[in-house]
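Asker: For reference, the structure I am asking about is given below.
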Amino acid sequence: MYTSKRQHDSPPPGTPSLTYRQRFARTIAHQEVDRPPMDLNATDMTGIDGGPRRLAGLLAVDTTTAPDKQDEAVLVALDTDIRDIGGVLEPRGELARQISSTERINNWGIGQTFNGHHYEATGRPLEGASIEDLERYPWPDPERLDRAIIRGLRQKAKYLFEETPYVVCGRHPVFGVMELGCWMCGFDDFLYRMAGDQDFVHRFFQIVWKYQKRIIELYYDAVGPYIHFTTSGDDFGTQKGPFCSPGMFKELVAPYMEERIRHTRQFTDAVFFHHSCGSIYTLLGQLIGMGVKILNPIQPRAKDMEPERLKRDFGGKLTFYGGIDTQILLPQGTPREVAAETKRLIGILGASGGYILSAAHTLQEDVPAENIVAMYQTGRAGRCCADGDERNGLNLSSVNR
């Protein structure tokens, strides 16, 4: 999966020893690399408010071109390794509708309100529901998915794979089972059911899995040959620990997630990436057992998620993706502090490969552009980086303050 029909033997600018795909393959194999692969905006969890074009002014990118061209020019200037296709698919359904400029109901019947940054789940269509209510509910029908969307995704994936040198990420086409339960019933209601009404939880997950299975078949049958890794997202942790015990997770959640990974593998040999915010240290063994190879986002301020601990205990089995703190460092630190912490994390998580550089989550509007550029410039320099180091065409002093 790391080469295409068109050979890309020329190394990317400023990185003379490895191509993007060679670097990614070595990273996943836990081998030394010249620098960590880097991602901005190629997954649902590594985006940037305002798009990459927000950094154009610091990178001498032409701002008179179309926004999408500015975005790509910024990624080229930063020398990021990954491009993406896909996203959560939404078959036509009777529940989805726009209520106002800030309120909507999605395909699952979940009310959502725009808070100025993103849509929050504010409606709970299955709060207090019974198993009988689950049987009567108008679930989305995967057969109503517009096949033209699938054809378009295949075309884009094929183009990226055969005509560009980049690593191709296939974004996940479905939501996670646990997060859907928490959104549709409300966190309090669904977490209570996980403890006291497990028949309901299993039936809910069975229904969702039936939907996921068909969407997986449609999506990965089309794009599977052209992607290097694929994502999933389902938040299992709070700042201090998982939402449920490892035993409850093994009984209720793990069987459905493991089946999802197994079924996905029938259509692609792409590496499986899983995103969960929060403290999930005690669940990592189970995730590895299911087939998760890449862990995101590495939220360093969450309990037991310190990079040193993760690398020591799981560094031979997981590739870590993210880790640059978005809670305090990136919004409040200086470019010099961001560069120093980025260099430190590369040294820890990137020892003998196994690290992909990105922020710990979406870069929101409160993160200064200078801090973002400092992070990627440091990553591009790899382990040789130091303040003011101009090797590989860098000059960190231009953004230090």
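Chain labels A, B, ... are given in the sequence in which chains occur in the structure tokens; within each chain residues are numbered consecutively from 1, and ligands are likewise numbered from 1 in the order shown.
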Can you tell me which residues surround segment 282-292 of chain A at a distance of at most 7 Å, considering only C-alpha atoms, apart from same-chain residues fewer than 2 positions away, and format the answer as a ChimeraX atom specification?
Answerer: /A:246,258,261,272-274,280,294
Asker: Store the residues picked out above in a file with C-alpha atoms, as a tab-separated table (two decimals), in the first residue's frame.
Answerer:
chain	number	residue	atom	x	y	z
A	246	PRO	CA	-12.09	-1.89	31.00
A	258	GLU	CA	-13.45	-5.21	16.57
A	261	ILE	CA	-12.08	-3.30	11.92
A	272	PHE	CA	-6.34	1.45	11.07
A	273	PHE	CA	-6.22	4.71	13.05
A	274	HIS	CA	-8.44	5.36	16.06
A	280	ILE	CA	-7.80	5.86	27.80
A	294	ILE	CA	-2.34	4.33	15.07
Asker: Quick one: residues within 9 Å of Trp183 of chain A, only C-alpha atoms, excluding same-chain residues fewer than 4 positions away - as a ChimeraX atom specification?
Answerer: /A:110,121-126,178-179,187,190
Asker: Could you give me, as a tab-separated table, every segment 286-386 of chain A residue with an atom at most 9 Å from segment 18-36 of chain A, plus its closest atom pair and distance in Å to one decimal, counting only C-alpha atoms, rows ordered by chain then number?
Answerer:
residue	atom	partner	partner_atom	distance
A:Lys293	CA	A:Ile28	CA	7.9
A:Ile294	CA	A:Ile28	CA	8.1
A:Gly315	CA	A:His30	CA	8.3
A:Gly316	CA	A:His30	CA	7.0
A:Lys317	CA	A:His30	CA	8.5
A:Leu318	CA	A:Ile28	CA	8.1
A:Thr319	CA	A:Ile28	CA	6.1
A:Ile346	CA	A:Pro36	CA	7.3
A:Gly350	CA	A:Pro36	CA	6.8
A:Ala351	CA	A:Glu32	CA	7.3
A:Ser352	CA	A:Glu32	CA	4.6
A:Gly353	CA	A:His30	CA	4.4
A:Gly354	CA	A:Thr27	CA	4.8
A:Tyr355	CA	A:Pro36	CA	6.1
A:Ile356	CA	A:Pro36	CA	5.5
A:Leu357	CA	A:Pro36	CA	6.2
A:Gly379	CA	A:Pro36	CA	6.7
A:Arg380	CA	A:Arg35	CA	6.3
A:Ala381	CA	A:Arg35	CA	6.8
A:Gly382	CA	A:Arg35	CA	4.3
A:Arg383	CA	A:Arg35	CA	7.0
Asker: Could you pull out the strand (DSSP E or B) residues of segment 181-364 of chain A, going by DSSP on the backbone, and write them as a VMD selection string?
Answerer: chain A and resid 229 to 233 237 242 271 to 275 294 to 296 319 to 324 355 to 359 363
Asker: At a cut-off of 10 Å, using only C-alpha atoms, what residues contact Glu306 of chain A? Leave out same-chain residues fewer than 5 positions from it and give the result as a PDB file with N, CA and C atoms, in the first residue's frame.
Answerer:
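New file out19.pdb:
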ATOM      1  N   SER A 279      -8.367  10.307  28.754  1.00  0.00           N
ATOM      2  CA  SER A 279      -7.506   9.313  29.383  1.00  0.00           C
ATOM      3  C   SER A 279      -8.028   7.915  29.086  1.00  0.00           C
ATOM      4  N   TYR A 281      -5.700   5.180  28.785  1.00  0.00           N
ATOM      5  CA  TYR A 281      -4.538   4.310  28.974  1.00  0.00           C
ATOM      6  C   TYR A 281      -4.955   2.867  29.284  1.00  0.00           C
ATOM      7  N   ILE A 298      -3.407  11.657  21.436  1.00  0.00           N
ATOM      8  CA  ILE A 298      -2.375  11.810  22.454  1.00  0.00           C
ATOM      9  C   ILE A 298      -2.576  13.145  23.154  1.00  0.00           C
ATOM     10  N   GLN A 299      -3.560  13.198  24.021  1.00  0.00           N
ATOM     11  CA  GLN A 299      -3.901  14.409  24.775  1.00  0.00           C
ATOM     12  C   GLN A 299      -2.987  14.455  26.001  1.00  0.00           C
ATOM     13  N   PRO A 300      -1.890  15.206  25.960  1.00  0.00           N
ATOM     14  CA  PRO A 300      -0.824  15.026  26.949  1.00  0.00           C
ATOM     15  C   PRO A 300      -1.181  15.459  28.359  1.00  0.00           C
ATOM     16  N   ARG A 301      -2.227  16.263  28.532  1.00  0.00           N
ATOM     17  CA  ARG A 301      -2.599  16.704  29.876  1.00  0.00           C
ATOM     18  C   ARG A 301      -3.647  15.797  30.522  1.00  0.00           C
ATOM     19  N   LYS A 311       4.990   5.819  25.270  1.00  0.00           N
ATOM     20  CA  LYS A 311       6.069   5.246  24.448  1.00  0.00           C
ATOM     21  C   LYS A 311       6.693   4.050  25.145  1.00  0.00           C
ATOM     22  N   GLY A 323      -0.358  14.912  19.797  1.00  0.00           N
ATOM     23  CA  GLY A 323       0.428  15.125  20.994  1.00  0.00           C
ATOM     24  C   GLY A 323       0.826  16.545  21.311  1.00  0.00           C
TER      25      GLY A 323
END
Asker: Within 7 Å of segment 66-76 of chain A, counting only C-alpha atoms, which residues show up once you throw out same-chain ones fewer than 6 positions away? Write them as a list in words, please.
Answerer: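 What passes the distance filter is Gly51, Pro52, Arg53, Leu55 and Ala56 of chain A.
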Asker: If we count only C-alpha atoms, what is near segment 148-154 of chain A at a cut-off of 12 Å, once residues fewer than 4 positions away on the same chain are taken out, given as a compact mmCIF listing (two decimals) with N, CA and C atoms, in the first residue's frame?
Answerer:
# COMPACT_ATOMS: atom_id res chain seq x y z
N ASP A 84 -6.17 13.82 1.99
CA ASP A 84 -7.31 13.01 2.45
C ASP A 84 -8.42 12.94 1.43
N ILE A 85 -9.24 11.91 1.63
CA ILE A 85 -10.52 11.80 0.92
C ILE A 85 -11.57 11.35 1.93
N GLY A 86 -12.83 11.58 1.59
CA GLY A 86 -13.92 10.98 2.35
C GLY A 86 -14.38 11.77 3.55
N GLY A 87 -15.09 11.08 4.42
CA GLY A 87 -15.72 11.67 5.58
C GLY A 87 -17.00 10.90 5.89
N VAL A 88 -17.67 11.29 6.96
CA VAL A 88 -18.90 10.61 7.37
C VAL A 88 -19.95 10.75 6.26
N LEU A 89 -20.49 9.63 5.82
CA LEU A 89 -21.46 9.62 4.73
C LEU A 89 -22.88 9.76 5.28
N GLU A 90 -23.73 10.43 4.55
CA GLU A 90 -25.08 10.73 5.02
C GLU A 90 -26.10 10.35 3.95
N PRO A 91 -26.64 9.14 4.02
CA PRO A 91 -27.70 8.76 3.09
C PRO A 91 -28.91 9.68 3.25
N ARG A 92 -29.63 9.84 2.16
CA ARG A 92 -30.86 10.63 2.24
C ARG A 92 -31.82 9.99 3.24
N ARG A 144 -29.84 4.21 0.67
CA ARG A 144 -30.24 5.50 0.11
C ARG A 144 -29.06 6.44 -0.10
N LYS A 158 -8.13 7.64 -6.20
CA LYS A 158 -7.28 7.09 -7.26
C LYS A 158 -6.30 8.14 -7.77
N TYR A 159 -6.79 9.36 -7.92
CA TYR A 159 -5.91 10.45 -8.37
C TYR A 159 -4.80 10.71 -7.35
N LEU A 160 -5.15 10.83 -6.08
CA LEU A 160 -4.14 11.10 -5.06
C LEU A 160 -3.12 9.97 -4.99
N PHE A 161 -3.59 8.74 -5.12
CA PHE A 161 -2.71 7.58 -5.00
C PHE A 161 -1.78 7.45 -6.19
N GLU A 162 -2.30 7.70 -7.39
CA GLU A 162 -1.52 7.45 -8.60
C GLU A 162 -0.80 8.67 -9.13
N CYS A 169 -5.06 9.45 3.25
CA CYS A 169 -5.92 9.10 4.38
C CYS A 169 -7.36 8.98 3.91
N GLY A 170 -8.00 7.86 4.21
CA GLY A 170 -9.43 7.71 3.98
C GLY A 170 -10.17 8.02 5.27
N ARG A 171 -10.78 9.19 5.35
CA ARG A 171 -11.50 9.56 6.57
C ARG A 171 -12.64 8.57 6.82
N PRO A 173 -16.12 6.80 7.36
CA PRO A 173 -17.43 7.06 6.76
C PRO A 173 -18.59 6.94 7.73
N ILE A 215 -22.31 0.50 4.98
CA ILE A 215 -21.58 1.70 4.57
C ILE A 215 -20.10 1.36 4.36
N ILE A 216 -19.54 0.54 5.23
CA ILE A 216 -18.16 0.10 5.09
C ILE A 216 -17.96 -0.59 3.74
N GLU A 217 -18.89 -1.45 3.37
CA GLU A 217 -18.78 -2.17 2.11
C GLU A 217 -18.79 -1.22 0.92
N LEU A 218 -19.70 -0.27 0.94
CA LEU A 218 -19.81 0.67 -0.17
C LEU A 218 -18.58 1.57 -0.27
N TYR A 219 -18.13 2.06 0.86
CA TYR A 219 -17.04 3.04 0.90
C TYR A 219 -15.68 2.41 0.59
N TYR A 220 -15.32 1.37 1.35
CA TYR A 220 -13.98 0.81 1.20
C TYR A 220 -13.83 -0.04 -0.05
N ASP A 221 -14.92 -0.56 -0.57
CA ASP A 221 -14.84 -1.26 -1.85
C ASP A 221 -14.42 -0.28 -2.94
N ALA A 222 -14.81 0.99 -2.78
CA ALA A 222 -14.48 2.01 -3.78
C ALA A 222 -13.09 2.59 -3.58
N VAL A 223 -12.74 2.93 -2.33
CA VAL A 223 -11.49 3.66 -2.09
C VAL A 223 -10.38 2.81 -1.50
N GLY A 224 -10.72 1.60 -1.05
CA GLY A 224 -9.77 0.77 -0.33
C GLY A 224 -8.42 0.56 -0.99
N PRO A 225 -8.36 0.35 -2.31
CA PRO A 225 -7.06 0.11 -2.94
C PRO A 225 -6.16 1.34 -2.98
N TYR A 226 -6.71 2.51 -2.67
CA TYR A 226 -5.98 3.75 -2.91
C TYR A 226 -5.65 4.53 -1.63
N ILE A 227 -5.84 3.94 -0.48
CA ILE A 227 -5.58 4.66 0.76
C ILE A 227 -4.51 3.93 1.57
